[in-house]
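Chemist: Here it is, the structure, as structure tokens.
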Amino acid sequence: MAKLAHNDLKKVEKLSQKEKQEESLEKQLWKAADKLRKNIDAAEYKHVVLGLVFLKYISDSFEELHNKLKSGEGEYVGADPEDKDEYKAENVFFVPPAARWNYLLSNAKLPNIGKIVDEAMDVVEKDNPSLKGVLPKVYARDNLDSKALGGLIDLIGNIALGDAKARSADVLGHVFEYFLGEFALAEGKQGGQFYTPKSVVELLVKMLEPCKGRVFDPCCGSGGMFVQSEKFVKEHQGKINDISIYGQESNQTTWRLAKMNLAIRGIDSSQVKWNNEGSFLNDAHKDLKADFIIANPPFNVSDWSGDLLRNDGRWKYGTPPEGNANYAWIQHFLYHLSPTGTAGFVLAKGSLTSNTSNEGEIRKALIEANLVDAIVNLPAKLFLNTQIPASIWFMKRGKTTKDILFIDARNMGHLINRRTKELSHEDTNHIAKVYHDWKSGNSEYEDIKGFCKSASLDEVKELNYVLTPGRYVGLEEVDDEFDFKERFTSLQAELKEQIKEEQILNQRINDNLAKVVIDE
């Protein structure tokens with residue numbers, strides 16, 4: 001029996017190693033980091049982990065340049081490796097000795113490691129004005145066990161060890177992005193306040209194609225829209241410097257995440273602003289006219305200070321109701337759109353049909369002004385913080401046709417857990433292709449019953465300016481030749497075959513176990 005137990009243990013270890021190899025680095029790190037969480041809420045713990053990932057990134061970047069300056073070869077002859085201006089010139093954060101990763105690693109086992117990390121964050125901010133007020137100082141708190149923190153430093157210290165800046169930024173950027181998503185899932189409803197699901201952002205970016213110009217998100221959360229835009233530019237061999245980023249966020253904690261998320265990707269975040277009044281009351285980019293607007297504003301917000309903004313110049317198409325900010329957001333986006341700009345944003349599905357408190361009249365005015373380009377109906381369960389059905393609006397200035405494209409994607413996507421769905425890359429590619437084929441007048445575009453329809457202004461008028469895709473695309477065509485009885489019989493046979501195979505497999509396992517016991 002001892003031999004059996006030993007063999008079983010070896011099998012388990014082999015299986016565990018195989019599973020680890022098959023798992024991505026991000027997943028392995030998340031599982032390990034989550035084990036160290038103990039009694040800390042995910043909402044608090046995310047700042048602990050993400051702050052360390054960020055510090056590891058800037059330390060890696062610093063060390064690479066520091067070594068070049070120290071060698072004093074080529075263009076670095078006579079350079080001082082401790083001169084902050086040398087780092088500023090190459091867009092690298094200067095990391096003082098007390099914040100360098102090797103220093104933290106050498107002190108990771110000390111009981112006061114929390115205080116050491118807080119001080120490290122403090123000195124980094126002092127030497128890098130662009131990070132002022134951004135980095136978390138939460139490491140010396142009583143509820144964070146010093147041994148767990150030391151374990152976390154060891155764990156993150158193994159990411160991209162010895163890699164060059166580009167590789168380090170890429171690996172650490174992926175880790176940061178993955179952790180943001182996992183923390184959002186762990187927080188559930190609260191997580192949706194700082195995180196838009198990656199597949200929704202991916203769809204928006206693929207449809208908007210922000211390759212060149214000014215990209216604006218006036219409710220930018222943790223900056224995922226900007227990160228995805230940067231990925232899109234790189235994947236299409238564009239120059240990242242061809243786009244400039246503008247953003248605003250009213251939650252300071254979320255704004256800090258955005259600043260770190262962008263810095264770890266090397267994206268200039270100097271125009272990503274925070275004020276606690278928000279975009280309606282204190283517009284941080286009053287004069288901006290953006291080429292692309294990409295956003296996921298909070299749905300159906302009632303306390304948006306509409307009573308203070310009754311005569312605001314942004315309400316060109318009608319005054320939005322005080323009890324719902326949806327049409328205030330739409331007109332805020334339009335106000336900031338350049339003469340040929342395009343906006344893509346997520347809104348509650350109710351905004352497509354609502355006729356209360358002037359919303360129907362505003363929607364009619366927007367349609368008559370030829371500003372609505374396309375509407376996409378999204379599947380349920382995509383969002384972490386709400387079960388409210390959602391849709392994506394695409395609005396464009398300078399449209400050449402008066403048609404509107406309707407896409408009903410409610411049946412797309414797959415479950416990643418009992419409560420949450422996501423769109424696959426194939427889903428987002430398919431939806432984006434349909435949109436671009438339609439937009440460019442490509443002969444490949446055709447209306448598909450139950451999925452997409454290009455509707456004329458007259459057709460929209462006939463339906464009283466309602467923009468729900470299902471009203472236009474109709475019901476999916478059903479194969480008349482489908483034989484239910486035949487399909488049911490086939491499924492029954494498949495199930496019986498699977499049960500039979502499982503019984504045979506179980507019998508073999510039992511026989512082998514019995515043989516091992518007899519041998520013992």
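If you're wondering about the labels, chains in the structure tokens are A, B, ... by order shown, residues count from 1 in each chain, ligands from 1 in order shown.
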For the interface of stretch 138-161 of chain A with stretch 102-120 of chain A (cut-off 9 Å, counting only C-alpha atoms), please tabulate each contacting residue of stretch 138-161 of chain A alongside its nearest pair of atoms and their separation in Å to one decimal, rows sorted by chain and increasing number, as JSON lines.

Modeler:
```
{"residue": "A:Val138", "atom": "CA", "partner": "A:Asp118", "partner_atom": "CA", "distance": 6.7}
{"residue": "A:Tyr139", "atom": "CA", "partner": "A:Gly114", "partner_atom": "CA", "distance": 4.3}
{"residue": "A:Ala140", "atom": "CA", "partner": "A:Gly114", "partner_atom": "CA", "distance": 4.1}
{"residue": "A:Arg141", "atom": "CA", "partner": "A:Gly114", "partner_atom": "CA", "distance": 7.4}
{"residue": "A:Leu144", "atom": "CA", "partner": "A:Gly114", "partner_atom": "CA", "distance": 8.1}
{"residue": "A:Asp145", "atom": "CA", "partner": "A:Gly114", "partner_atom": "CA", "distance": 8.7}
{"residue": "A:Ser146", "atom": "CA", "partner": "A:Pro111", "partner_atom": "CA", "distance": 5.6}
{"residue": "A:Lys147", "atom": "CA", "partner": "A:Lys109", "partner_atom": "CA", "distance": 6.7}
{"residue": "A:Leu149", "atom": "CA", "partner": "A:Gly114", "partner_atom": "CA", "distance": 7.3}
{"residue": "A:Gly150", "atom": "CA", "partner": "A:Ala108", "partner_atom": "CA", "distance": 4.4}
{"residue": "A:Gly151", "atom": "CA", "partner": "A:Ala108", "partner_atom": "CA", "distance": 7.6}
{"residue": "A:Leu152", "atom": "CA", "partner": "A:Ala108", "partner_atom": "CA", "distance": 8.9}
{"residue": "A:Ile153", "atom": "CA", "partner": "A:Leu105", "partner_atom": "CA", "distance": 6.6}
{"residue": "A:Asp154", "atom": "CA", "partner": "A:Leu105", "partner_atom": "CA", "distance": 6.7}
{"residue": "A:Gly157", "atom": "CA", "partner": "A:Leu105", "partner_atom": "CA", "distance": 7.5}
```

Chemist: Enumerate, as number ranges by chain, the complete set of residues in stretch 114-322 of chain A that a backbone-based DSSP assignment places in alpha helix (DSSP H).

Modeler: A: 114-127, 146-157, 165-187, 198-208, 224-235, 252-263, 278-281

Chemist: Considering only C-alpha atoms, state which residue in the set A:Gly341, A:Pro297, A:Gly360, A:Gly224 is at the smallest distance from A:Pro210.

Modeler: A:Gly341

Chemist: Would you give me, as a PyMOL selection string, the residues in stretch 324-399 of chain A that DSSP reads as strand (DSSP E or B)?

Modeler: chain A and resi 337-348+372-377+390-396

Chemist: Residues within 10 Å of stretch 437-447 of chain A, please, as number ranges by chain. Count only C-alpha atoms; anything in the same chain fewer than 6 positions from it doesn't count.

Modeler: A: 373-374, 399-401, 403-407, 453-455, 473
